[in-house]
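Asks: mmCIF, C-alpha atoms, file upload13.cif:
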data_upload
loop_
_atom_site.label_atom_id
_atom_site.label_comp_id
_atom_site.auth_asym_id
_atom_site.auth_seq_id
_atom_site.Cartn_x
_atom_site.Cartn_y
_atom_site.Cartn_z
CA MET A 1 0.00 0.00 0.00
CA ASN A 2 1.19 3.49 -0.80
CA LYS A 3 1.32 6.05 1.96
CA GLU A 4 -1.97 7.93 1.74
CA GLY A 5 -1.75 11.26 -0.03
CA LEU A 6 -3.02 14.59 1.25
CA LEU A 7 -5.72 16.91 0.04
CA LEU A 8 -3.88 20.17 -0.54
CA ILE A 9 -6.00 23.26 -1.02
CA ILE A 10 -4.18 26.12 -2.70
CA SER A 11 -6.09 29.30 -2.32
CA GLY A 12 -5.59 33.04 -2.17
CA PRO A 13 -6.57 36.28 -3.87
CA SER A 14 -7.08 36.58 -7.61
CA GLY A 15 -3.62 37.39 -8.97
CA SER A 16 -1.72 35.48 -6.29
CA GLY A 17 -0.52 32.98 -8.88
CA LYS A 18 -2.54 29.94 -7.75
CA GLY A 19 -2.89 28.58 -11.27
CA THR A 20 0.77 29.01 -12.21
CA VAL A 21 1.96 27.37 -9.00
CA THR A 22 -0.39 24.39 -9.11
CA ARG A 23 0.42 23.66 -12.76
CA LYS A 24 4.12 23.44 -11.83
CA LEU A 25 3.65 20.75 -9.16
CA PRO A 26 5.08 17.48 -10.54
CA GLU A 27 2.57 14.84 -11.68
CA ASP A 28 4.38 11.94 -10.02
CA VAL A 29 3.32 13.02 -6.52
CA PHE A 30 0.51 15.50 -7.16
CA ALA A 31 -2.81 15.14 -8.97
CA LEU A 32 -4.92 18.16 -9.80
CA SER A 33 -8.47 17.86 -8.56
CA ILE A 34 -11.10 17.65 -11.30
CA SER A 35 -14.41 19.49 -11.11
CA MET A 36 -17.73 18.00 -12.02
CA THR A 37 -19.79 20.36 -14.18
CA THR A 38 -23.09 20.57 -16.00
CA ARG A 39 -21.74 22.94 -18.63
CA GLN A 40 -21.17 21.85 -22.24
CA LYS A 41 -17.81 20.43 -23.23
CA ARG A 42 -15.74 22.94 -25.20
CA GLY A 43 -13.16 22.42 -27.95
CA GLU A 44 -10.42 20.00 -26.97
CA GLU A 45 -11.69 19.34 -23.44
CA VAL A 46 -11.58 15.69 -22.40
CA ASP A 47 -14.20 14.20 -20.08
CA GLY A 48 -12.49 12.90 -16.92
CA LYS A 49 -9.38 14.97 -17.56
CA HIS A 50 -10.35 18.63 -17.73
CA TYR A 51 -13.78 18.17 -16.17
CA ILE A 52 -16.19 15.42 -15.33
CA PHE A 53 -19.14 16.38 -17.53
CA CYS A 54 -22.58 15.40 -16.27
CA THR A 55 -26.25 16.22 -16.53
CA GLU A 56 -28.01 18.42 -14.01
CA GLU A 57 -29.82 15.35 -12.62
CA GLU A 58 -26.52 13.54 -12.06
CA PHE A 59 -25.00 16.63 -10.42
CA VAL A 60 -27.92 17.13 -8.04
CA LYS A 61 -27.90 13.43 -7.10
CA VAL A 62 -24.18 13.49 -6.19
CA ARG A 63 -24.62 16.75 -4.28
CA GLU A 64 -27.60 15.46 -2.30
CA GLU A 65 -25.69 12.32 -1.38
CA GLY A 66 -22.98 14.53 0.16
CA GLY A 67 -20.61 13.60 -2.62
CA LEU A 68 -19.26 17.12 -3.24
CA LEU A 69 -16.61 18.89 -1.16
CA GLU A 70 -17.90 22.25 -2.35
CA HIS A 71 -20.05 23.51 -5.16
CA ALA A 72 -21.08 26.73 -6.82
CA SER A 73 -22.89 27.90 -9.91
CA PHE A 74 -21.66 30.31 -12.57
CA SER A 75 -23.68 31.50 -15.59
CA GLY A 76 -26.37 28.92 -14.96
CA ASN A 77 -23.98 25.96 -14.81
CA PHE A 78 -23.10 23.88 -11.76
CA TYR A 79 -19.53 23.18 -10.71
CA GLY A 80 -18.43 20.99 -7.80
CA THR A 81 -15.51 19.01 -6.42
CA PRO A 82 -16.35 15.30 -6.13
CA VAL A 83 -15.13 13.59 -2.96
CA SER A 84 -14.81 10.27 -4.80
CA TYR A 85 -11.97 11.51 -7.03
CA VAL A 86 -10.09 12.95 -4.04
CA LYS A 87 -10.48 9.70 -2.06
CA GLN A 88 -9.39 7.52 -4.99
CA LYS A 89 -6.26 9.56 -5.72
CA THR A 90 -5.19 10.04 -2.08
CA LEU A 91 -5.55 6.27 -1.53
CA GLU A 92 -3.27 5.77 -4.54
CA GLY A 93 -0.75 7.91 -2.64
CA LYS A 94 -1.15 11.07 -4.72
CA ASN A 95 -1.45 14.48 -3.10
CA VAL A 96 -4.60 15.93 -4.61
CA VAL A 97 -4.35 19.65 -5.30
CA LEU A 98 -7.44 21.80 -5.30
CA GLU A 99 -6.98 25.34 -6.58
CA ILE A 100 -9.89 27.35 -5.37
CA GLU A 101 -10.96 30.80 -4.10
CA VAL A 102 -11.10 31.54 -0.38
CA VAL A 103 -14.81 30.95 0.32
CA GLY A 104 -14.73 27.53 -1.37
CA ALA A 105 -11.49 26.61 0.40
CA LEU A 106 -13.02 27.20 3.82
CA GLN A 107 -16.09 25.15 2.81
CA VAL A 108 -13.83 22.22 1.92
CA LYS A 109 -11.84 22.45 5.15
CA GLU A 110 -15.09 22.19 7.09
CA LYS A 111 -16.08 18.98 5.29
CA TYR A 112 -12.60 17.52 5.15
CA PRO A 113 -10.71 18.76 8.22
CA GLU A 114 -7.58 16.74 7.41
CA ALA A 115 -7.13 18.86 4.26
CA VAL A 116 -4.11 21.15 4.25
CA LEU A 117 -5.05 24.75 3.57
CA ILE A 118 -2.40 26.92 1.95
CA PHE A 119 -2.89 30.65 1.49
CA LEU A 120 -0.85 31.90 -1.44
CA MET A 121 -0.07 35.59 -1.20
CA PRO A 122 1.90 37.97 -3.38
CA PRO A 123 4.64 39.81 -1.43
CA THR A 124 2.75 43.14 -1.36
CA ILE A 125 -0.63 44.52 -2.31
CA LEU A 126 1.12 46.82 -4.80
CA GLU A 127 2.55 43.75 -6.52
CA LEU A 128 -0.92 42.17 -6.54
CA GLY A 129 -2.35 45.23 -8.31
CA LYS A 130 0.56 45.20 -10.75
CA ARG A 131 0.00 41.52 -11.60
CA LEU A 132 -3.71 42.07 -12.20
CA ARG A 133 -2.94 45.10 -14.44
CA ASP A 134 -0.17 43.24 -16.31
CA ARG A 135 -2.66 40.61 -17.39
CA GLY A 136 -4.37 43.34 -19.37
CA THR A 137 -7.65 41.41 -19.33
CA GLU A 138 -9.60 43.31 -16.67
CA SER A 139 -10.86 46.87 -16.52
CA GLU A 140 -9.52 49.22 -13.85
CA ASP A 141 -12.90 48.95 -12.07
CA GLU A 142 -12.64 45.19 -12.08
CA ILE A 143 -9.07 45.39 -10.76
CA GLU A 144 -10.16 47.69 -7.93
CA ARG A 145 -12.97 45.27 -7.12
CA ARG A 146 -10.51 42.35 -6.96
CA LEU A 147 -8.19 44.30 -4.68
CA ARG A 148 -11.10 44.99 -2.32
CA ILE A 149 -11.95 41.27 -2.32
CA ALA A 150 -8.28 40.45 -1.69
CA HIS A 151 -8.45 42.67 1.37
CA GLU A 152 -11.48 40.73 2.68
CA GLU A 153 -9.81 37.41 1.87
CA MET A 154 -6.72 38.41 3.86
CA ALA A 155 -8.95 38.55 6.94
CA GLU A 156 -9.50 34.77 6.60
CA LEU A 157 -5.77 34.05 6.76
CA PRO A 158 -5.84 32.88 10.41
CA LYS A 159 -8.12 29.98 9.36
CA TYR A 160 -5.42 28.66 7.04
CA ASP A 161 -2.75 26.13 7.95
CA TYR A 162 0.05 27.83 6.04
CA LEU A 163 0.95 31.12 4.41
CA VAL A 164 3.19 30.87 1.36
CA ILE A 165 4.49 34.07 -0.20
CA ASN A 166 4.56 33.82 -3.98
CA ASP A 167 7.41 36.20 -4.74
CA ASP A 168 9.86 33.74 -6.27
CA ILE A 169 7.89 30.82 -7.74
CA GLU A 170 10.68 28.29 -7.13
CA GLN A 171 10.67 29.23 -3.43
CA ALA A 172 6.88 28.94 -3.30
CA LEU A 173 7.08 25.45 -4.87
CA ALA A 174 9.84 24.44 -2.41
CA ASP A 175 7.66 25.64 0.48
CA ILE A 176 4.73 23.55 -0.77
CA HIS A 177 6.95 20.45 -1.07
CA ALA A 178 8.28 21.03 2.46
CA ILE A 179 4.73 21.40 3.79
CA VAL A 180 3.71 18.07 2.23
CA ASN A 181 6.71 16.30 3.77
CA VAL A 182 6.25 17.80 7.22
CA GLU A 183 2.48 17.15 7.21
CA GLY A 184 3.41 13.48 6.86
CA LEU A 185 5.06 13.75 10.30
CA LYS A 186 1.79 14.63 12.05
CA PRO A 187 0.94 11.82 14.50
CA PHE A 188 -2.59 11.37 13.11
CA ARG A 189 -1.13 10.66 9.68
CA GLY A 190 1.36 8.17 11.15
CA GLU A 191 -0.86 5.22 12.12
CA GLY A 192 1.30 2.78 10.19
CA LYS A 193 4.39 3.93 12.09
CA VAL A 194 2.82 3.10 15.44
CA ASP A 195 1.77 -0.33 14.16
CA ARG A 196 5.31 -0.95 12.97
CA PHE A 197 6.67 0.22 16.34
CA TYR A 198 4.73 -2.56 18.04
CA GLY A 199 5.78 -5.03 15.36
CA ASN A 200 2.31 -5.43 13.88
CA ASN A 201 2.19 -6.40 10.26
CA VAL A 202 1.37 -3.48 8.06
CA ASN A 203 1.70 -3.32 4.31
CA SER A 204 4.37 -0.79 3.57
CA MET B 1 15.05 42.36 14.12
CA ASN B 2 15.64 38.66 13.67
CA LYS B 3 12.71 36.42 12.90
CA GLU B 4 11.54 35.11 16.25
CA GLY B 5 12.75 31.58 17.04
CA LEU B 6 10.61 28.67 18.14
CA LEU B 7 10.50 26.68 21.34
CA LEU B 8 11.11 23.14 20.19
CA ILE B 9 10.39 20.38 22.67
CA ILE B 10 12.06 17.10 21.85
CA SER B 11 10.59 14.33 23.87
CA GLY B 12 10.04 10.60 23.78
CA PRO B 13 10.78 7.38 25.64
CA SER B 14 14.05 6.75 27.43
CA GLY B 15 16.30 5.24 24.75
CA SER B 16 14.70 7.13 21.85
CA GLY B 17 17.92 9.09 21.34
CA LYS B 18 16.68 12.54 22.48
CA GLY B 19 20.09 13.52 23.84
CA THR B 20 22.07 12.40 20.79
CA VAL B 21 19.72 14.19 18.41
CA THR B 22 19.55 17.48 20.32
CA ARG B 23 23.33 17.65 20.71
CA LYS B 24 23.69 17.38 16.92
CA LEU B 25 21.49 20.39 16.16
CA PRO B 26 23.75 23.22 14.91
CA GLU B 27 24.44 26.07 17.34
CA ASP B 28 23.94 28.83 14.76
CA VAL B 29 20.17 28.32 14.69
CA PHE B 30 19.46 26.26 17.80
CA ALA B 31 20.13 26.94 21.49
CA LEU B 32 19.74 24.19 24.07
CA SER B 33 17.49 25.20 26.94
CA ILE B 34 19.25 25.48 30.31
CA SER B 35 17.70 24.21 33.54
CA MET B 36 17.71 26.07 36.79
CA THR B 37 18.67 23.83 39.70
CA THR B 38 19.29 23.90 43.43
CA ARG B 39 21.79 21.06 43.28
CA GLN B 40 25.51 21.61 43.88
CA LYS B 41 27.73 22.35 40.91
CA ARG B 42 29.83 19.33 39.92
CA GLY B 43 33.29 19.10 38.38
CA GLU B 44 33.64 21.16 35.21
CA GLU B 45 30.07 22.44 35.15
CA VAL B 46 29.74 26.12 34.30
CA ASP B 47 26.99 28.29 35.81
CA GLY B 48 24.82 29.71 33.01
CA LYS B 49 26.06 27.11 30.54
CA HIS B 50 25.29 23.64 31.88
CA TYR B 51 22.83 24.81 34.52
CA ILE B 52 21.72 28.00 36.19
CA PHE B 53 22.67 27.23 39.79
CA CYS B 54 20.56 28.86 42.49
CA THR B 55 19.49 28.59 46.11
CA GLU B 56 16.22 26.99 47.14
CA GLU B 57 14.83 30.44 48.02
CA GLU B 58 15.67 31.80 44.56
CA PHE B 59 14.13 28.74 42.91
CA VAL B 60 10.89 28.97 44.89
CA LYS B 61 10.63 32.71 44.16
CA VAL B 62 10.95 32.19 40.38
CA ARG B 63 8.49 29.29 40.48
CA GLU B 64 5.91 31.26 42.47
CA GLU B 65 6.19 34.14 40.04
CA GLY B 66 5.26 31.74 37.23
CA GLY B 67 8.75 31.96 35.81
CA LEU B 68 9.17 28.23 35.14
CA LEU B 69 7.80 26.34 32.16
CA GLU B 70 7.94 23.09 34.13
CA HIS B 71 9.67 21.86 37.24
CA ALA B 72 10.36 18.65 39.11
CA SER B 73 12.46 17.42 41.99
CA PHE B 74 14.94 14.54 41.98
CA SER B 75 16.90 13.33 45.01
CA GLY B 76 15.90 16.35 47.06
CA ASN B 77 17.00 18.90 44.42
CA PHE B 78 14.77 21.16 42.36
CA TYR B 79 15.05 21.45 38.59
CA GLY B 80 13.07 23.76 36.35
CA THR B 81 13.04 25.41 32.93
CA PRO B 82 13.10 29.22 33.20
CA VAL B 83 10.80 31.07 30.80
CA SER B 84 13.17 34.08 30.76
CA TYR B 85 15.96 32.16 29.00
CA VAL B 86 13.55 30.80 26.38
CA LYS B 87 12.08 34.27 25.71
CA GLN B 88 15.52 35.90 25.46
CA LYS B 89 16.88 33.33 23.01
CA THR B 90 13.75 33.11 20.82
CA LEU B 91 13.71 36.92 20.54
CA GLU B 92 17.34 36.71 19.39
CA GLY B 93 16.05 34.43 16.61
CA LYS B 94 17.35 31.15 18.04
CA ASN B 95 15.19 28.05 18.15
CA VAL B 96 15.36 26.94 21.76
CA VAL B 97 15.48 23.17 22.18
CA LEU B 98 14.13 21.57 25.31
CA GLU B 99 14.93 17.87 25.69
CA ILE B 100 12.52 16.49 28.24
CA GLU B 101 10.46 13.44 29.18
CA VAL B 102 6.82 13.14 28.13
CA VAL B 103 5.08 14.38 31.30
CA GLY B 104 7.22 17.54 31.43
CA ALA B 105 6.76 18.13 27.70
CA LEU B 106 2.99 18.18 28.03
CA GLN B 107 3.27 20.57 31.00
CA VAL B 108 5.30 22.97 28.87
CA LYS B 109 2.87 22.81 25.94
CA GLU B 110 0.06 23.80 28.29
CA LYS B 111 1.95 26.90 29.48
CA TYR B 112 3.43 27.76 26.10
CA PRO B 113 0.96 26.62 23.42
CA GLU B 114 3.06 28.00 20.57
CA ALA B 115 5.80 25.49 21.46
CA VAL B 116 6.40 22.76 18.88
CA LEU B 117 6.15 19.30 20.39
CA ILE B 118 8.17 16.56 18.71
CA PHE B 119 7.85 12.93 19.75
CA LEU B 120 11.04 11.06 18.97
CA MET B 121 10.46 7.34 18.57
CA PRO B 122 12.77 4.44 17.75
CA PRO B 123 11.52 2.44 14.73
CA THR B 124 10.33 -0.53 16.83
CA ILE B 125 9.88 -1.47 20.46
CA LEU B 126 12.42 -4.28 19.93
CA GLU B 127 14.97 -1.69 18.85
CA LEU B 128 14.13 0.41 21.92
CA GLY B 129 14.84 -2.57 24.20
CA LYS B 130 18.05 -3.27 22.31
CA ARG B 131 19.26 0.32 22.71
CA LEU B 132 18.53 0.31 26.42
CA ARG B 133 20.39 -3.04 26.82
CA ASP B 134 23.32 -1.88 24.65
CA ARG B 135 23.95 0.98 27.04
CA GLY B 136 24.83 -1.67 29.64
CA THR B 137 24.04 0.74 32.46
CA GLU B 138 20.63 -0.51 33.60
CA SER B 139 19.50 -3.80 35.14
CA GLU B 140 17.06 -6.01 33.22
CA ASP B 141 14.36 -5.02 35.74
CA GLU B 142 15.04 -1.34 35.08
CA ILE B 143 14.93 -1.96 31.32
CA GLU B 144 11.59 -3.76 31.63
CA ARG B 145 10.30 -0.83 33.71
CA ARG B 146 11.40 1.67 31.07
CA LEU B 147 9.71 -0.34 28.32
CA ARG B 148 6.47 -0.29 30.31
CA ILE B 149 6.79 3.49 30.70
CA ALA B 150 7.52 3.79 26.96
CA HIS B 151 4.25 2.00 26.32
CA GLU B 152 2.37 4.53 28.49
CA GLU B 153 4.19 7.43 26.84
CA MET B 154 3.16 6.19 23.38
CA ALA B 155 -0.44 6.76 24.43
CA GLU B 156 0.30 10.51 24.65
CA LEU B 157 1.47 10.64 21.02
CA PRO B 158 -1.78 12.22 19.71
CA LYS B 159 -1.06 15.29 21.88
CA TYR B 160 2.18 15.92 19.99
CA ASP B 161 2.58 18.08 16.91
CA TYR B 162 4.99 15.75 15.12
CA LEU B 163 6.28 12.20 15.21
CA VAL B 164 9.88 11.73 14.13
CA ILE B 165 11.26 8.21 13.80
CA ASN B 166 14.84 8.02 15.00
CA ASP B 167 16.08 5.15 12.87
CA ASP B 168 18.70 7.00 10.83
CA ILE B 169 19.91 10.01 12.83
CA GLU B 170 20.63 12.12 9.72
CA GLN B 171 17.04 11.61 8.60
CA ALA B 172 15.74 12.53 12.06
CA LEU B 173 17.81 15.74 12.01
CA ALA B 174 16.59 16.56 8.49
CA ASP B 175 12.99 16.05 9.67
CA ILE B 176 13.55 18.44 12.59
CA HIS B 177 15.04 21.10 10.29
CA ALA B 178 12.08 20.71 7.90
CA ILE B 179 9.63 21.06 10.80
CA VAL B 180 11.30 24.32 11.92
CA ASN B 181 11.11 25.75 8.39
CA VAL B 182 7.50 24.75 7.81
CA GLU B 183 6.39 25.97 11.26
CA GLY B 184 7.61 29.38 10.09
CA LEU B 185 4.89 29.24 7.41
CA LYS B 186 2.06 29.10 9.97
CA PRO B 187 -0.05 32.26 9.61
CA PHE B 188 0.19 33.12 13.32
CA ARG B 189 3.98 33.19 13.04
CA GLY B 190 3.80 35.39 9.94
CA GLU B 191 2.64 38.73 11.36
CA GLY B 192 5.53 40.57 9.70
CA LYS B 193 4.57 39.16 6.31
CA VAL B 194 1.07 40.60 6.54
CA ASP B 195 2.47 44.01 7.55
CA ARG B 196 4.81 43.90 4.58
CA PHE B 197 1.92 42.92 2.29
CA TYR B 198 0.15 46.15 3.21
CA GLY B 199 3.38 48.10 2.85
CA ASN B 200 3.72 48.90 6.54
CA ASN B 201 7.21 49.46 7.78
CA VAL B 202 8.52 46.48 9.68
CA ASN B 203 12.09 45.89 10.75
CA SER B 204 13.31 42.90 8.84
#
Translate the structure of the given file into structure tokens.
Replies:
Amino acid sequence: MNKEGLLLIISGPSGSGKGTVTRKLPEDVFALSISMTTRQKRGEEVDGKHYIFCTEEEFVKVREEGGLLEHASFSGNFYGTPVSYVKQKTLEGKNVVLEIEVVGALQVKEKYPEAVLIFLMPPTILELGKRLRDRGTESEDEIERRLRIAHEEMAELPKYDYLVINDDIEQALADIHAIVNVEGLKPFRGEGKVDRFYGNNVNS
Amino acid sequence: MNKEGLLLIISGPSGSGKGTVTRKLPEDVFALSISMTTRQKRGEEVDGKHYIFCTEEEFVKVREEGGLLEHASFSGNFYGTPVSYVKQKTLEGKNVVLEIEVVGALQVKEKYPEAVLIFLMPPTILELGKRLRDRGTESEDEIERRLRIAHEEMAELPKYDYLVINDDIEQALADIHAIVNVEGLKPFRGEGKVDRFYGNNVNS
């Protein structure tokens, strides 16, 4: 049996670099969480890879059975994070990475308290504004709105397990790796070690 | 200002290798905690280095003022861990290491909740017995007694922050270094980072 993987929630303000960081985590030990959605498949998207596509009836059934870690709707479509995928991958020994905004992250932590909550933060609020402006995709009003939300999201920081500053991306990735290793030293994740201490047979 | 150091409590059964591990932690980032004691100075012992030697009156005064993290008496002498030394060294940026048995460790954690509690454990109970016997200093009865105590101490493991297996000492030391680094990523230890995010002046 592999050592069970973690559920790693990477969250933080829009512009903190969540997407860039999560995409750089190596596939041999990390698996990106996949959302279930009722929206139509687009272009090259692959079912079961980019999203799990489903009907509204299927979505509601899974949700009512408590099968979603969190869910939300955008533009009339449902999106949610299925527990089953997380359980399957963590049992295979992968660390499942969920990149999600702050409200959703706190929802997941409530349902799955053993999840590891990482708040990704740019070094300064000036840098955050700069990153949002450099994208060149949002209006100044929209940027101001995001900065106000960032301010509110910062207030939730004490609920997080870790704060990683995304100034240098290599350092941020090294911090995330270190967190995963050290989380494995928590006593409640070390059941097998105690069994081995007493000489009980455990698959390892 | 230096980044504030941690209070690191290294604890575990007799024979787990607490002493060997703590003595190998490098002095540039770690400082071993010093006990205050009423016992007579012996041989080459240096006041303020090996122990802080004091009279019974001085000891009782410090204890009554709440100035000890934990205390105990052995053979008619008092021993205790002064808070003042820990505060001074952590403010200087050193990680203060307290090597202590399980009961004392839990006492300290109660008084100083931000302390990091590490349970050091040999890989198996057979290995623990072997280490105690290899010392050649205790009778078989004493060894059996210590193994029984080890068993009771194992029951306190869930109260610890981390479990480090002391099989390979280099690995155990690497684990302790990783723990110190990752503890620095806890939001409540990152006040300065939040100030910097908002562009407030902090000494760093």
Asks: Just say which residues the PyMOL selection byres ((chain B) within 9 of (chain A)) picks in this file, as a ChimeraX atom specification.
Replies: /B:119,121-127,154,157-165,175,178-179,181-188,190,193-199
Asks: When distances are computed from only C-alpha atoms, which of B:Glu45, B:Thr38, B:Gly5, B:Ala150 shows the smallest separation from Phe74 in chain B?
Replies: B:Thr38
Asks: Please identify all polymer residues within 12 Å of range 24-26 of chain A, counting only C-alpha atoms, omitting same-chain residues fewer than 2 positions from it, and present them as a VMD selection string.
Replies: chain A and resid 8 10 17 to 22 28 to 32 94 to 99 169 to 170 172 to 177 180
Asks: Counting only C-alpha atoms, write as a PyMOL selection string all protein and nucleic acid residues lying at most 8 Å from (15.2, 26.6, 42.2) in the file's frame.
Replies: chain B and resi 36-38+53-63+78-80
Asks: State, in Å with one decimal place, the distance from CA of Lys41 in chain A to CA of His71 in chain A.
Replies: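 One can read the CA of Lys41 in chain A to CA of His71 in chain A distance as 18.5 Å.
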Asks: Considering all atoms listed in the file, return as a list in words whatever protein or nucleic-acid residues lie within 8 Å of Gly67 in chain A, sequence-local ones (same chain, fewer than 2 positions apart) excluded.
Replies: Val62, Arg63, Glu64, Glu65, Leu69, Pro82, Val83 and Ser84 of chain A
Asks: Could you work out how far CA of Ala105 in chain B lies from CA of Val46 in chain B, giving the answer in Å with one decimal?
Replies: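 According to the coordinates, CA of Val46 in chain B and CA of Ala105 in chain B are separated by 25.2 Å.
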Asks: Step by step, work through what the PyMOL selection byres ((chain B and resi 90) around 9) selects in the shown file, and finish by giving those residues as a PyMOL selection string.
Replies: chain B and resi 3-7+31+85-89+91-96
Asks: Calculate how many Å separate CA of Gly12 in chain A from CA of Val102 in chain A, rounding to one decimal.
Replies: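 Value for the CA of Gly12 in chain A-CA of Val102 in chain A distance: 6.0 Å.
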Asks: Which residues, written as a PDB file with C-alpha atoms, in the coordinates of the input, have at least one atom at most 10 Å from Lys49 in chain B, with all atoms listed in the file counted and residues fewer than 6 positions away on the same chain left out?
Replies:
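Written out: result.pdb:
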ATOM      1  CA  LEU B  32      19.740  24.190  24.070  1.00  0.00           C
ATOM      2  CA  SER B  33      17.490  25.200  26.940  1.00  0.00           C
ATOM      3  CA  ILE B  34      19.250  25.480  30.310  1.00  0.00           C
ATOM      4  CA  SER B  35      17.700  24.210  33.540  1.00  0.00           C
TER       5      SER B  35
END
Asks: Leu132 in chain A: which residues within 7 Å, counting only C-alpha atoms, same-chain residues fewer than 3 positions away excluded, as a count of residues only?
Replies: 5
Asks: How would range 73-84 of chain A of the given structure read as a file with N, CA, C and O atoms, as a PDB file, in the first residue's frame?
Replies:
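The result, stored in selection_1.pdb:
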ATOM      1  N   SER A  73     -22.406  27.811  -8.539  1.00  0.00           N
ATOM      2  CA  SER A  73     -22.889  27.902  -9.912  1.00  0.00           C
ATOM      3  C   SER A  73     -22.438  29.213 -10.532  1.00  0.00           C
ATOM      4  O   SER A  73     -22.352  30.250  -9.851  1.00  0.00           O
ATOM      5  N   PHE A  74     -22.055  29.131 -11.794  1.00  0.00           N
ATOM      6  CA  PHE A  74     -21.655  30.307 -12.570  1.00  0.00           C
ATOM      7  C   PHE A  74     -22.407  30.262 -13.886  1.00  0.00           C
ATOM      8  O   PHE A  74     -22.443  29.199 -14.525  1.00  0.00           O
ATOM      9  N   SER A  75     -22.978  31.380 -14.307  1.00  0.00           N
ATOM     10  CA  SER A  75     -23.681  31.502 -15.588  1.00  0.00           C
ATOM     11  C   SER A  75     -24.638  30.332 -15.838  1.00  0.00           C
ATOM     12  O   SER A  75     -24.665  29.765 -16.932  1.00  0.00           O
ATOM     13  N   GLY A  76     -25.345  29.947 -14.780  1.00  0.00           N
ATOM     14  CA  GLY A  76     -26.365  28.917 -14.956  1.00  0.00           C
ATOM     15  C   GLY A  76     -25.839  27.490 -15.005  1.00  0.00           C
ATOM     16  O   GLY A  76     -26.606  26.545 -15.206  1.00  0.00           O
ATOM     17  N   ASN A  77     -24.533  27.316 -14.847  1.00  0.00           N
ATOM     18  CA  ASN A  77     -23.978  25.957 -14.815  1.00  0.00           C
ATOM     19  C   ASN A  77     -23.500  25.614 -13.411  1.00  0.00           C
ATOM     20  O   ASN A  77     -23.042  26.493 -12.672  1.00  0.00           O
ATOM     21  N   PHE A  78     -23.570  24.342 -13.064  1.00  0.00           N
ATOM     22  CA  PHE A  78     -23.098  23.882 -11.762  1.00  0.00           C
ATOM     23  C   PHE A  78     -21.660  23.389 -11.867  1.00  0.00           C
ATOM     24  O   PHE A  78     -21.290  22.736 -12.857  1.00  0.00           O
ATOM     25  N   TYR A  79     -20.896  23.672 -10.828  1.00  0.00           N
ATOM     26  CA  TYR A  79     -19.528  23.176 -10.705  1.00  0.00           C
ATOM     27  C   TYR A  79     -19.362  22.621  -9.290  1.00  0.00           C
ATOM     28  O   TYR A  79     -19.891  23.206  -8.344  1.00  0.00           O
ATOM     29  N   GLY A  80     -18.650  21.532  -9.144  1.00  0.00           N
ATOM     30  CA  GLY A  80     -18.426  20.994  -7.804  1.00  0.00           C
ATOM     31  C   GLY A  80     -17.203  20.102  -7.780  1.00  0.00           C
ATOM     32  O   GLY A  80     -16.736  19.636  -8.823  1.00  0.00           O
ATOM     33  N   THR A  81     -16.681  19.873  -6.578  1.00  0.00           N
ATOM     34  CA  THR A  81     -15.508  19.014  -6.421  1.00  0.00           C
ATOM     35  C   THR A  81     -15.944  17.674  -5.842  1.00  0.00           C
ATOM     36  O   THR A  81     -16.365  17.611  -4.685  1.00  0.00           O
ATOM     37  N   PRO A  82     -15.894  16.605  -6.642  1.00  0.00           N
ATOM     38  CA  PRO A  82     -16.348  15.301  -6.133  1.00  0.00           C
ATOM     39  C   PRO A  82     -15.371  14.708  -5.117  1.00  0.00           C
ATOM     40  O   PRO A  82     -14.169  14.666  -5.344  1.00  0.00           O
ATOM     41  N   VAL A  83     -15.918  14.254  -3.996  1.00  0.00           N
ATOM     42  CA  VAL A  83     -15.133  13.589  -2.956  1.00  0.00           C
ATOM     43  C   VAL A  83     -14.498  12.318  -3.504  1.00  0.00           C
ATOM     44  O   VAL A  83     -13.360  11.987  -3.173  1.00  0.00           O
ATOM     45  N   SER A  84     -15.254  11.595  -4.344  1.00  0.00           N
ATOM     46  CA  SER A  84     -14.811  10.270  -4.800  1.00  0.00           C
ATOM     47  C   SER A  84     -13.445  10.342  -5.494  1.00  0.00           C
ATOM     48  O   SER A  84     -12.571   9.501  -5.241  1.00  0.00           O
TER      49      SER A  84
END
